[in-house]
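Q: So here's entry09.cif, just mmCIF, C-alpha atoms:
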data_coords
loop_
_atom_site.label_atom_id
_atom_site.label_comp_id
_atom_site.auth_asym_id
_atom_site.auth_seq_id
_atom_site.Cartn_x
_atom_site.Cartn_y
_atom_site.Cartn_z
CA MET A 1 11.09 12.42 -175.86
CA LYS A 2 7.80 13.39 -174.28
CA PHE A 3 6.72 16.51 -172.41
CA SER A 4 3.76 18.79 -171.76
CA ILE A 5 3.74 22.56 -171.30
CA VAL A 6 1.21 25.38 -171.00
CA LYS A 7 0.79 27.39 -174.20
CA GLU A 8 1.74 30.74 -172.63
CA LYS A 9 5.03 29.30 -171.30
CA PHE A 10 5.95 27.95 -174.74
CA LEU A 11 4.73 30.61 -177.16
CA GLU A 12 7.07 33.57 -176.53
CA PRO A 13 10.29 31.50 -176.27
CA LEU A 14 9.35 29.64 -179.44
CA ALA A 15 8.67 32.94 -181.24
CA ASP A 16 12.08 34.22 -180.12
CA ILE A 17 13.80 31.09 -181.44
CA SER A 18 11.88 31.33 -184.70
CA GLY A 19 13.21 34.86 -185.17
CA ILE A 20 16.78 33.57 -184.96
CA VAL A 21 16.77 30.60 -187.34
CA ALA A 22 17.73 31.09 -190.98
CA ARG A 23 14.77 31.80 -193.28
CA LYS A 24 16.43 31.06 -196.62
CA THR A 25 19.17 28.47 -196.46
CA THR A 26 20.53 25.55 -198.42
CA LYS A 27 20.98 23.69 -195.12
CA PRO A 28 17.55 22.59 -193.83
CA ILE A 29 18.91 22.05 -190.31
CA LEU A 30 19.47 25.81 -189.95
CA SER A 31 15.71 26.38 -190.26
CA HIS A 32 15.14 23.96 -187.38
CA ALA A 33 15.02 24.53 -183.63
CA LEU A 34 16.63 22.09 -181.23
CA LEU A 35 14.33 20.80 -178.48
CA GLN A 36 16.13 19.00 -175.66
CA ALA A 37 13.98 17.73 -172.79
CA GLY A 38 15.83 16.87 -169.58
CA ALA A 39 15.00 14.46 -166.78
CA ASP A 40 15.02 17.43 -164.38
CA ASN A 41 11.81 18.80 -165.99
CA SER A 42 13.70 21.27 -168.15
CA LEU A 43 13.46 22.07 -171.85
CA LEU A 44 16.30 23.64 -173.81
CA LEU A 45 15.33 25.49 -177.00
CA LYS A 46 18.10 26.46 -179.37
CA GLY A 47 18.17 28.23 -182.73
CA THR A 48 20.98 29.56 -184.89
CA ASP A 49 21.86 30.89 -188.32
CA THR A 50 25.58 30.33 -187.50
CA GLU A 51 26.00 34.09 -186.93
CA VAL A 52 23.57 34.54 -184.04
CA THR A 53 22.60 31.78 -181.60
CA LEU A 54 19.85 31.88 -178.97
CA GLN A 55 19.42 29.34 -176.18
CA ILE A 56 16.39 29.37 -173.87
CA LEU A 57 16.06 27.12 -170.83
CA LEU A 58 12.50 26.49 -169.58
CA HIS A 59 11.60 24.85 -166.28
CA GLU A 60 7.81 25.22 -165.99
CA LEU A 61 6.81 22.00 -167.77
CA ASN A 62 6.40 18.30 -167.18
CA VAL A 63 8.87 15.91 -168.84
CA GLN A 64 7.84 12.25 -169.04
CA ASP A 65 10.72 11.06 -171.25
CA ALA A 66 14.01 12.89 -171.80
CA GLY A 67 15.40 13.24 -175.31
CA ALA A 68 16.32 15.66 -178.08
CA ILE A 69 15.15 16.36 -181.63
CA THR A 70 15.04 19.25 -184.12
CA VAL A 71 11.86 20.56 -185.75
CA PRO A 72 11.13 23.34 -188.26
CA ALA A 73 10.88 26.37 -186.00
CA ALA A 74 8.38 28.33 -188.10
CA LYS A 75 6.10 25.33 -188.52
CA LEU A 76 6.06 24.52 -184.81
CA LEU A 77 5.30 28.16 -184.06
CA ASP A 78 2.36 28.07 -186.50
CA VAL A 79 1.01 25.02 -184.67
CA VAL A 80 1.27 26.65 -181.25
CA ARG A 81 0.03 29.98 -182.59
CA PRO A 82 -2.12 29.24 -185.67
CA VAL A 83 -2.08 31.86 -188.42
CA SER A 84 -4.77 34.50 -188.04
CA TYR A 85 -6.62 33.89 -191.29
CA THR A 86 -7.77 30.47 -190.08
CA HIS A 87 -9.45 32.08 -187.06
CA LEU A 88 -8.21 29.10 -185.05
CA THR A 89 -6.42 29.80 -181.80
CA LEU A 90 -5.61 27.59 -178.89
CA PRO A 91 -7.55 28.40 -175.72
CA THR A 92 -5.84 30.42 -173.02
CA LYS A 93 -3.68 28.23 -170.78
CA ALA A 94 -4.18 25.24 -173.08
CA THR A 95 -1.78 22.38 -172.35
CA ILE A 96 0.40 21.31 -175.29
CA TYR A 97 1.55 17.68 -175.36
CA CYS A 98 4.66 16.89 -177.45
CA SER A 99 6.07 13.43 -178.09
CA LEU A 100 8.44 11.80 -180.55
CA GLU A 101 7.10 8.92 -182.65
CA LYS A 102 8.84 7.38 -185.68
CA GLU A 103 10.91 10.49 -186.48
CA GLN A 104 7.87 12.73 -186.20
CA LEU A 105 6.96 15.19 -183.45
CA LEU A 106 3.37 14.74 -182.37
CA VAL A 107 1.80 17.90 -180.99
CA LYS A 108 -1.59 17.58 -179.29
CA ALA A 109 -3.63 20.47 -177.93
CA ALA A 110 -7.31 21.32 -177.54
CA GLY A 111 -8.52 18.35 -179.57
CA SER A 112 -6.03 18.90 -182.41
CA LEU A 113 -3.22 16.60 -183.48
CA PHE A 114 -0.26 17.62 -185.64
CA ARG A 115 2.60 15.50 -186.98
CA ILE A 116 5.76 17.42 -187.84
CA ALA A 117 8.76 15.93 -189.66
CA THR A 118 12.02 16.16 -187.74
CA LEU A 119 15.77 15.90 -188.21
CA PRO A 120 18.19 14.23 -185.75
CA ALA A 121 19.52 16.35 -182.91
CA GLU A 122 23.02 15.14 -183.82
CA ASP A 123 22.77 17.11 -187.10
CA PHE A 124 22.24 20.42 -185.28
CA PRO A 125 25.40 22.56 -185.61
CA ALA A 126 27.56 22.65 -182.50
CA LEU A 127 29.11 26.09 -182.65
CA ALA A 128 32.40 26.52 -180.82
CA GLU A 129 32.38 29.26 -178.19
CA ALA A 130 35.41 31.45 -177.67
CA ASP A 131 36.98 32.27 -174.32
CA MET A 132 35.20 35.30 -172.90
CA GLU A 133 38.09 37.23 -171.38
CA ARG A 134 36.56 40.71 -171.27
CA ARG A 135 33.27 42.05 -169.96
CA ILE A 136 31.19 45.21 -170.04
CA GLU A 137 28.85 45.82 -167.11
CA THR A 138 26.03 48.31 -167.59
CA GLU A 139 22.32 48.88 -167.04
CA SER A 140 20.06 47.11 -169.52
CA ARG A 141 17.87 50.16 -170.09
CA ALA A 142 20.82 52.47 -170.71
CA LEU A 143 22.41 50.12 -173.26
CA HIS A 144 19.04 49.50 -174.90
CA ASP A 145 18.37 53.22 -175.28
CA ILE A 146 21.67 54.15 -176.95
CA MET A 147 21.50 51.17 -179.31
CA GLN A 148 17.89 51.96 -180.19
CA LYS A 149 18.77 55.61 -180.94
CA VAL A 150 21.47 54.82 -183.52
CA ARG A 151 20.24 51.60 -185.15
CA PHE A 152 18.49 53.50 -187.98
CA SER A 153 21.77 54.52 -189.64
CA MET A 154 23.32 51.04 -189.91
CA ALA A 155 24.22 50.01 -193.45
CA SER A 156 22.55 47.01 -195.06
CA GLU A 157 24.47 44.67 -197.38
CA ASP A 158 27.18 47.28 -197.96
CA VAL A 159 30.38 46.02 -199.60
CA ARG A 160 32.15 47.75 -196.72
CA TYR A 161 31.14 44.88 -194.44
CA TYR A 162 32.28 46.68 -191.28
CA LEU A 163 29.40 49.17 -191.76
CA ASN A 164 26.76 46.42 -191.66
CA GLY A 165 26.52 46.55 -187.89
CA MET A 166 26.86 48.72 -184.80
CA TYR A 167 30.12 49.83 -183.25
CA LEU A 168 30.35 49.68 -179.45
CA ASN A 169 33.36 51.61 -178.18
CA ILE A 170 34.58 52.05 -174.60
CA VAL A 171 35.73 55.64 -174.09
CA GLU A 172 36.71 58.06 -171.32
CA ASP A 173 39.20 55.65 -169.73
CA GLY A 174 36.58 52.92 -169.47
CA ASN A 175 33.88 55.05 -167.84
CA ALA A 176 31.50 55.39 -170.80
CA ILE A 177 30.37 53.54 -173.90
CA HIS A 178 29.53 54.89 -177.36
CA ALA A 179 27.08 53.18 -179.73
CA VAL A 180 27.84 54.28 -183.31
CA SER A 181 26.48 53.40 -186.72
CA THR A 182 26.85 54.79 -190.25
CA ASP A 183 25.84 53.84 -193.77
CA GLY A 184 28.37 56.18 -195.36
CA HIS A 185 25.83 59.03 -195.78
CA ARG A 186 24.76 59.61 -192.20
CA LEU A 187 26.36 58.85 -188.87
CA SER A 188 24.84 58.64 -185.40
CA CYS A 189 26.46 58.29 -182.01
CA ALA A 190 24.97 57.93 -178.53
CA ARG A 191 26.77 57.85 -175.17
CA SER A 192 26.04 56.15 -171.86
CA ALA A 193 28.04 56.26 -168.65
CA LEU A 194 29.24 53.00 -167.07
CA ALA A 195 28.88 52.53 -163.31
CA THR A 196 31.61 49.87 -163.40
CA PRO A 197 34.63 50.80 -165.56
CA ALA A 198 35.30 48.52 -168.53
CA PRO A 199 38.72 47.74 -170.04
CA ALA A 200 39.85 50.88 -171.83
CA GLY A 201 40.25 50.49 -175.57
CA THR A 202 37.60 47.77 -175.84
CA ASN A 203 35.61 48.00 -179.06
CA LEU A 204 33.55 45.66 -181.19
CA ILE A 205 31.25 45.63 -184.23
CA VAL A 206 27.98 43.73 -183.69
CA PRO A 207 26.22 42.54 -186.88
CA LYS A 208 22.79 43.91 -187.69
CA LYS A 209 20.86 40.80 -186.66
CA GLY A 210 22.80 40.58 -183.40
CA VAL A 211 21.90 44.22 -182.73
CA SER A 212 18.18 43.55 -183.27
CA GLU A 213 18.17 40.59 -180.89
CA LEU A 214 20.18 42.44 -178.23
CA ILE A 215 17.77 45.37 -178.35
CA LYS A 216 14.81 42.99 -178.06
CA LEU A 217 16.18 41.24 -174.96
CA LEU A 218 17.48 44.38 -173.26
CA GLY A 219 14.13 46.10 -173.71
CA ARG A 220 12.33 43.45 -171.65
CA VAL A 221 14.17 44.06 -168.39
CA SER A 222 15.54 46.86 -166.26
CA GLN A 223 18.54 45.47 -164.39
CA PRO A 224 22.35 45.32 -164.47
CA VAL A 225 23.63 43.19 -167.36
CA VAL A 226 27.02 41.87 -168.42
CA LEU A 227 28.26 41.60 -171.99
CA ASN A 228 30.93 38.90 -172.17
CA LEU A 229 33.41 39.41 -174.99
CA GLY A 230 35.71 37.02 -176.80
CA GLU A 231 38.02 37.79 -179.68
CA ARG A 232 35.26 37.35 -182.27
CA GLN A 233 32.19 36.69 -180.12
CA LEU A 234 29.75 38.40 -177.76
CA SER A 235 27.34 36.78 -175.33
CA LEU A 236 24.57 38.03 -173.07
CA THR A 237 22.77 35.98 -170.41
CA LEU A 238 19.40 37.12 -169.05
CA GLY A 239 17.53 34.64 -166.88
CA GLY A 240 17.04 31.51 -168.94
CA TYR A 241 18.08 33.28 -172.15
CA ARG A 242 21.60 33.19 -173.58
CA LEU A 243 22.30 35.12 -176.77
CA THR A 244 25.58 34.65 -178.62
CA SER A 245 26.61 36.69 -181.65
CA GLN A 246 29.65 36.53 -183.86
CA LEU A 247 31.40 39.89 -184.27
CA ILE A 248 32.37 41.59 -187.51
CA ASP A 249 36.10 41.46 -188.09
CA GLY A 250 37.07 44.88 -189.40
CA THR A 251 38.13 48.42 -188.56
CA PHE A 252 35.32 50.90 -188.00
CA PRO A 253 35.89 54.45 -189.35
CA ASN A 254 37.23 57.08 -186.96
CA TYR A 255 33.83 58.58 -186.20
CA GLU A 256 35.20 61.07 -183.66
CA GLN A 257 36.94 62.95 -186.47
CA VAL A 258 33.59 63.39 -188.22
CA LEU A 259 31.62 64.63 -185.22
CA PRO A 260 31.85 68.43 -184.85
CA GLN A 261 33.40 69.55 -181.59
CA LEU A 262 31.67 72.94 -181.68
CA GLN A 263 28.46 74.19 -183.29
CA GLU A 264 29.34 77.57 -184.78
CA THR A 265 25.78 78.53 -185.78
CA PRO A 266 23.38 76.56 -183.54
CA VAL A 267 19.65 76.68 -184.28
CA LEU A 268 17.16 76.24 -181.44
CA ILE A 269 13.78 74.83 -182.49
CA SER A 270 10.96 72.90 -180.84
CA ARG A 271 11.56 69.20 -181.42
CA GLN A 272 7.86 68.37 -181.75
CA THR A 273 7.19 71.25 -184.15
CA PHE A 274 10.17 70.24 -186.30
CA LEU A 275 9.10 66.59 -186.30
CA GLU A 276 5.52 67.40 -187.34
CA SER A 277 6.78 69.68 -190.13
CA LEU A 278 9.09 66.96 -191.44
CA GLN A 279 6.23 64.46 -191.44
CA ARG A 280 4.00 66.80 -193.44
CA ALA A 281 6.74 67.54 -195.98
CA LYS A 282 7.58 63.84 -196.28
CA VAL A 283 4.14 63.09 -197.75
CA LEU A 284 5.35 64.01 -201.24
CA LEU A 285 8.57 61.99 -201.17
CA LEU A 286 8.48 58.82 -203.26
CA ASP A 287 12.07 57.61 -203.17
CA ARG A 288 14.49 57.20 -200.29
CA HIS A 289 16.92 59.44 -202.15
CA ASP A 290 14.43 62.34 -202.37
CA GLY A 291 15.28 65.11 -199.95
CA ILE A 292 13.79 68.01 -198.06
CA ARG A 293 15.25 71.49 -198.46
CA LEU A 294 15.62 73.57 -195.29
CA THR A 295 15.62 77.34 -195.74
CA PHE A 296 16.55 79.36 -192.65
CA GLY A 297 15.38 82.93 -192.12
CA GLU A 298 16.22 85.31 -189.29
CA ALA A 299 13.53 83.77 -187.08
CA SER A 300 11.94 81.14 -189.32
CA LEU A 301 12.54 77.82 -191.02
CA GLN A 302 10.84 76.64 -194.21
CA LEU A 303 10.84 73.01 -195.35
CA ALA A 304 10.34 72.24 -199.05
CA ALA A 305 9.91 68.82 -200.64
CA ARG A 306 9.23 67.68 -204.18
CA ASN A 307 9.29 64.62 -206.41
CA CYS A 308 9.31 64.24 -210.17
CA THR A 309 5.49 63.97 -210.39
CA SER A 310 4.36 66.55 -207.83
CA PRO A 311 5.02 70.27 -207.41
CA THR A 312 6.99 71.66 -204.53
CA ALA A 313 5.24 71.80 -201.19
CA ALA A 314 6.51 74.29 -198.64
CA VAL A 315 5.82 73.85 -194.94
CA PRO A 316 6.76 76.52 -192.40
CA ALA A 317 8.17 75.18 -189.15
#
As structure tokens, what does this structure read like?
A:
Amino acid sequence: MKFSIVKEKFLEPLADISGIVARKTTKPILSHALLQAGADNSLLLKGTDTEVTLQILLHELNVQDAGAITVPAAKLLDVVRPVSYTHLTLPTKATIYCSLEKEQLLVKAAGSLFRIATLPAEDFPALAEADMERRIETESRALHDIMQKVRFSMASEDVRYYLNGMYLNIVEDGNAIHAVSTDGHRLSCARSALATPAPAGTNLIVPKKGVSELIKLLGRVSQPVVLNLGERQLSLTLGGYRLTSQLIDGTFPNYEQVLPQLQETPVLISRQTFLESLQRAKVLLLDRHDGIRLTFGEASLQLAARNCTSPTAAVPA
């Protein structure tokens, strides 16, 4: 295998792959990225942690010899983008030359030469893909926005495994989608209309890492997108990127029973004023379980916060 590519064409895709691969694993191959150079001047990058898989197909490069190999994703990224404390960076538009020699990947650029140990491409896990029988068509920006709004309340490593992700639910006879998350203490829900109706009753739970990668990709574009759904799998294709995520097998709580249908005593307050008051009161909080007390008057709101080492601080809103 032998190819050359401009740094800027290689850096972002490699960083995306590096964000997918497993960081701590007993299987070294899961910390590697698959590089597959084709005779048609294409390069396929692939990374997986067996739950989330990302494939990126690049065409702006020059392939001298086709072939495939796997390399440590984080190490290759450090070579292409050296760590900041060394104060060494590759020049803008530097050409990176990669070749395989005696089970090592040689990377040459700007007078530097690196040798990186590899593992055979045959060892890279070939994950079976399910039949994608259903699809959800929506606008990338709309889906990005509702997922971004509710991601904060996803659980993390909860024994109730179905809470460790985001629930996407098709509602209103297929004309809208809800993004919902809860950690058992707080629940958030955001709605977006669908220009093209989706199959009514479609719902899925996307794991936390899959949610992060979906939000990252959706935030880069503003165009119609299609989520393809299998029984236990979701995939999204954007240009040369293809993201596949396993789905959480479980039953999400009936969130619609929790959401109030009517606000009996609504309070109208400036969002910015309320936000700034919360930020000032938050200064004294030390633990995530510390709280802020809200005291409502006839035409006022007072926020009070305290911890075990500091006195109460009151902030009028």
Q: Out of A:Ala200, A:Thr182, A:Gln233, A:Ser277, which residue has the shortest atom-to-atom distance to A:Tyr255 when counting only C-alpha atoms?
A: A:Thr182
Q: Just give me the gap between atom CA of A:Ala110 and atom CA of A:Ala94 in Å, one decimal is fine.
A: 6.7 Å
Q: With distances taken over all atoms listed in the file, which of A:Cys189, A:Leu143, A:Glu276, A:Thr196 is nearest to A:Pro260?
A: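 Result for the nearest residue to A:Pro260: A:Cys189.
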Q: Using the chain letters and numbering of this document, enumerate as a count of residues only the residues selected by the PyMOL selection byres ((chain A and resi 202) around 10).
A: 16
Q: Let me have the centre and edge lengths of the axis-aligned box enclosing all listed atoms of stretch 8-18 of chain A with 4 Å padding on every side, in Å to one decimal, as JSON.
A:
{"center_x": 7.8, "center_y": 31.1, "center_z": -178.0, "size_x": 20.1, "size_y": 14.3, "size_z": 21.4}
Q: For atom CA of A:Ala117 and atom CA of A:Asp78, quote the distance in Å rounded to one decimal.
A: 14.1 Å
Q: What's around stretch 205-217 of chain A at 6 Å? Count only C-alpha atoms, leave out sequence neighbours fewer than 3 positions away in its own chain, and write the answer as a PyMOL selection string.
A: chain A and resi 144+165-167+220+245+247-248
Q: Using atom CA of A:Met1 and atom CA of A:Asp65 as the two end points, give the distance in Å to one decimal.
A: 4.8 Å
Q: Is it possible to add N, CA and C atoms to stretch 248-276 of chain A and hand it back as a short mmCIF file (atom, residue, chain, number, x, y, z; two decimals), in the frame of the given file?
A:
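Saved result, out.cif, follows:
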data_model
loop_
_atom_site.label_atom_id
_atom_site.label_comp_id
_atom_site.auth_asym_id
_atom_site.auth_seq_id
_atom_site.Cartn_x
_atom_site.Cartn_y
_atom_site.Cartn_z
N ILE A 248 31.81 41.27 -186.19
CA ILE A 248 32.37 41.59 -187.51
C ILE A 248 33.84 41.92 -187.35
N ASP A 249 34.65 41.25 -188.14
CA ASP A 249 36.10 41.46 -188.09
C ASP A 249 36.46 42.58 -189.07
N GLY A 250 36.74 43.75 -188.54
CA GLY A 250 37.07 44.88 -189.40
C GLY A 250 37.40 46.10 -188.56
N THR A 251 37.78 47.17 -189.23
CA THR A 251 38.13 48.42 -188.56
C THR A 251 37.06 49.46 -188.85
N PHE A 252 36.37 49.90 -187.83
CA PHE A 252 35.32 50.90 -188.00
C PHE A 252 35.96 52.26 -188.25
N PRO A 253 35.33 53.11 -189.09
CA PRO A 253 35.89 54.45 -189.35
C PRO A 253 36.05 55.27 -188.08
N ASN A 254 36.99 56.20 -188.11
CA ASN A 254 37.23 57.08 -186.96
C ASN A 254 36.10 58.11 -186.90
N TYR A 255 35.02 57.73 -186.23
CA TYR A 255 33.83 58.58 -186.20
C TYR A 255 34.05 59.87 -185.44
N GLU A 256 34.98 59.87 -184.48
CA GLU A 256 35.20 61.07 -183.66
C GLU A 256 35.77 62.22 -184.48
N GLN A 257 36.43 61.89 -185.59
CA GLN A 257 36.94 62.95 -186.47
C GLN A 257 35.81 63.60 -187.26
N VAL A 258 34.71 62.87 -187.45
CA VAL A 258 33.59 63.39 -188.22
C VAL A 258 32.67 64.25 -187.36
N LEU A 259 32.53 63.89 -186.09
CA LEU A 259 31.62 64.63 -185.22
C LEU A 259 32.16 66.02 -184.93
N PRO A 260 31.37 67.06 -185.14
CA PRO A 260 31.85 68.43 -184.85
C PRO A 260 32.04 68.64 -183.35
N GLN A 261 33.13 69.26 -182.99
CA GLN A 261 33.40 69.55 -181.59
C GLN A 261 32.67 70.80 -181.10
N LEU A 262 32.31 71.68 -182.04
CA LEU A 262 31.67 72.94 -181.68
C LEU A 262 30.66 73.32 -182.76
N GLN A 263 29.46 73.70 -182.36
CA GLN A 263 28.46 74.19 -183.29
C GLN A 263 28.61 75.71 -183.41
N GLU A 264 29.07 76.14 -184.60
CA GLU A 264 29.34 77.57 -184.78
C GLU A 264 28.06 78.38 -184.93
N THR A 265 27.04 77.80 -185.57
CA THR A 265 25.78 78.53 -185.78
C THR A 265 24.61 77.64 -185.32
N PRO A 266 24.46 77.43 -184.02
CA PRO A 266 23.38 76.56 -183.54
C PRO A 266 22.00 77.16 -183.80
N VAL A 267 21.04 76.28 -184.05
CA VAL A 267 19.65 76.68 -184.28
C VAL A 267 18.79 76.00 -183.22
N LEU A 268 18.02 76.77 -182.49
CA LEU A 268 17.16 76.24 -181.44
C LEU A 268 15.73 76.19 -181.96
N ILE A 269 15.13 74.98 -181.96
CA ILE A 269 13.78 74.83 -182.49
C ILE A 269 13.06 73.76 -181.68
N SER A 270 11.76 73.89 -181.55
CA SER A 270 10.96 72.90 -180.84
C SER A 270 11.05 71.55 -181.56
N ARG A 271 11.43 70.53 -180.81
CA ARG A 271 11.56 69.20 -181.42
C ARG A 271 10.24 68.73 -182.03
N GLN A 272 9.14 68.87 -181.28
CA GLN A 272 7.86 68.37 -181.75
C GLN A 272 7.38 69.12 -182.99
N THR A 273 7.57 70.46 -182.99
CA THR A 273 7.19 71.25 -184.15
C THR A 273 7.99 70.85 -185.38
N PHE A 274 9.30 70.64 -185.20
CA PHE A 274 10.17 70.24 -186.30
C PHE A 274 9.77 68.86 -186.83
N LEU A 275 9.48 67.94 -185.91
CA LEU A 275 9.10 66.59 -186.30
C LEU A 275 7.79 66.60 -187.10
N GLU A 276 6.80 67.34 -186.64
CA GLU A 276 5.52 67.40 -187.34
C GLU A 276 5.68 68.04 -188.72
#
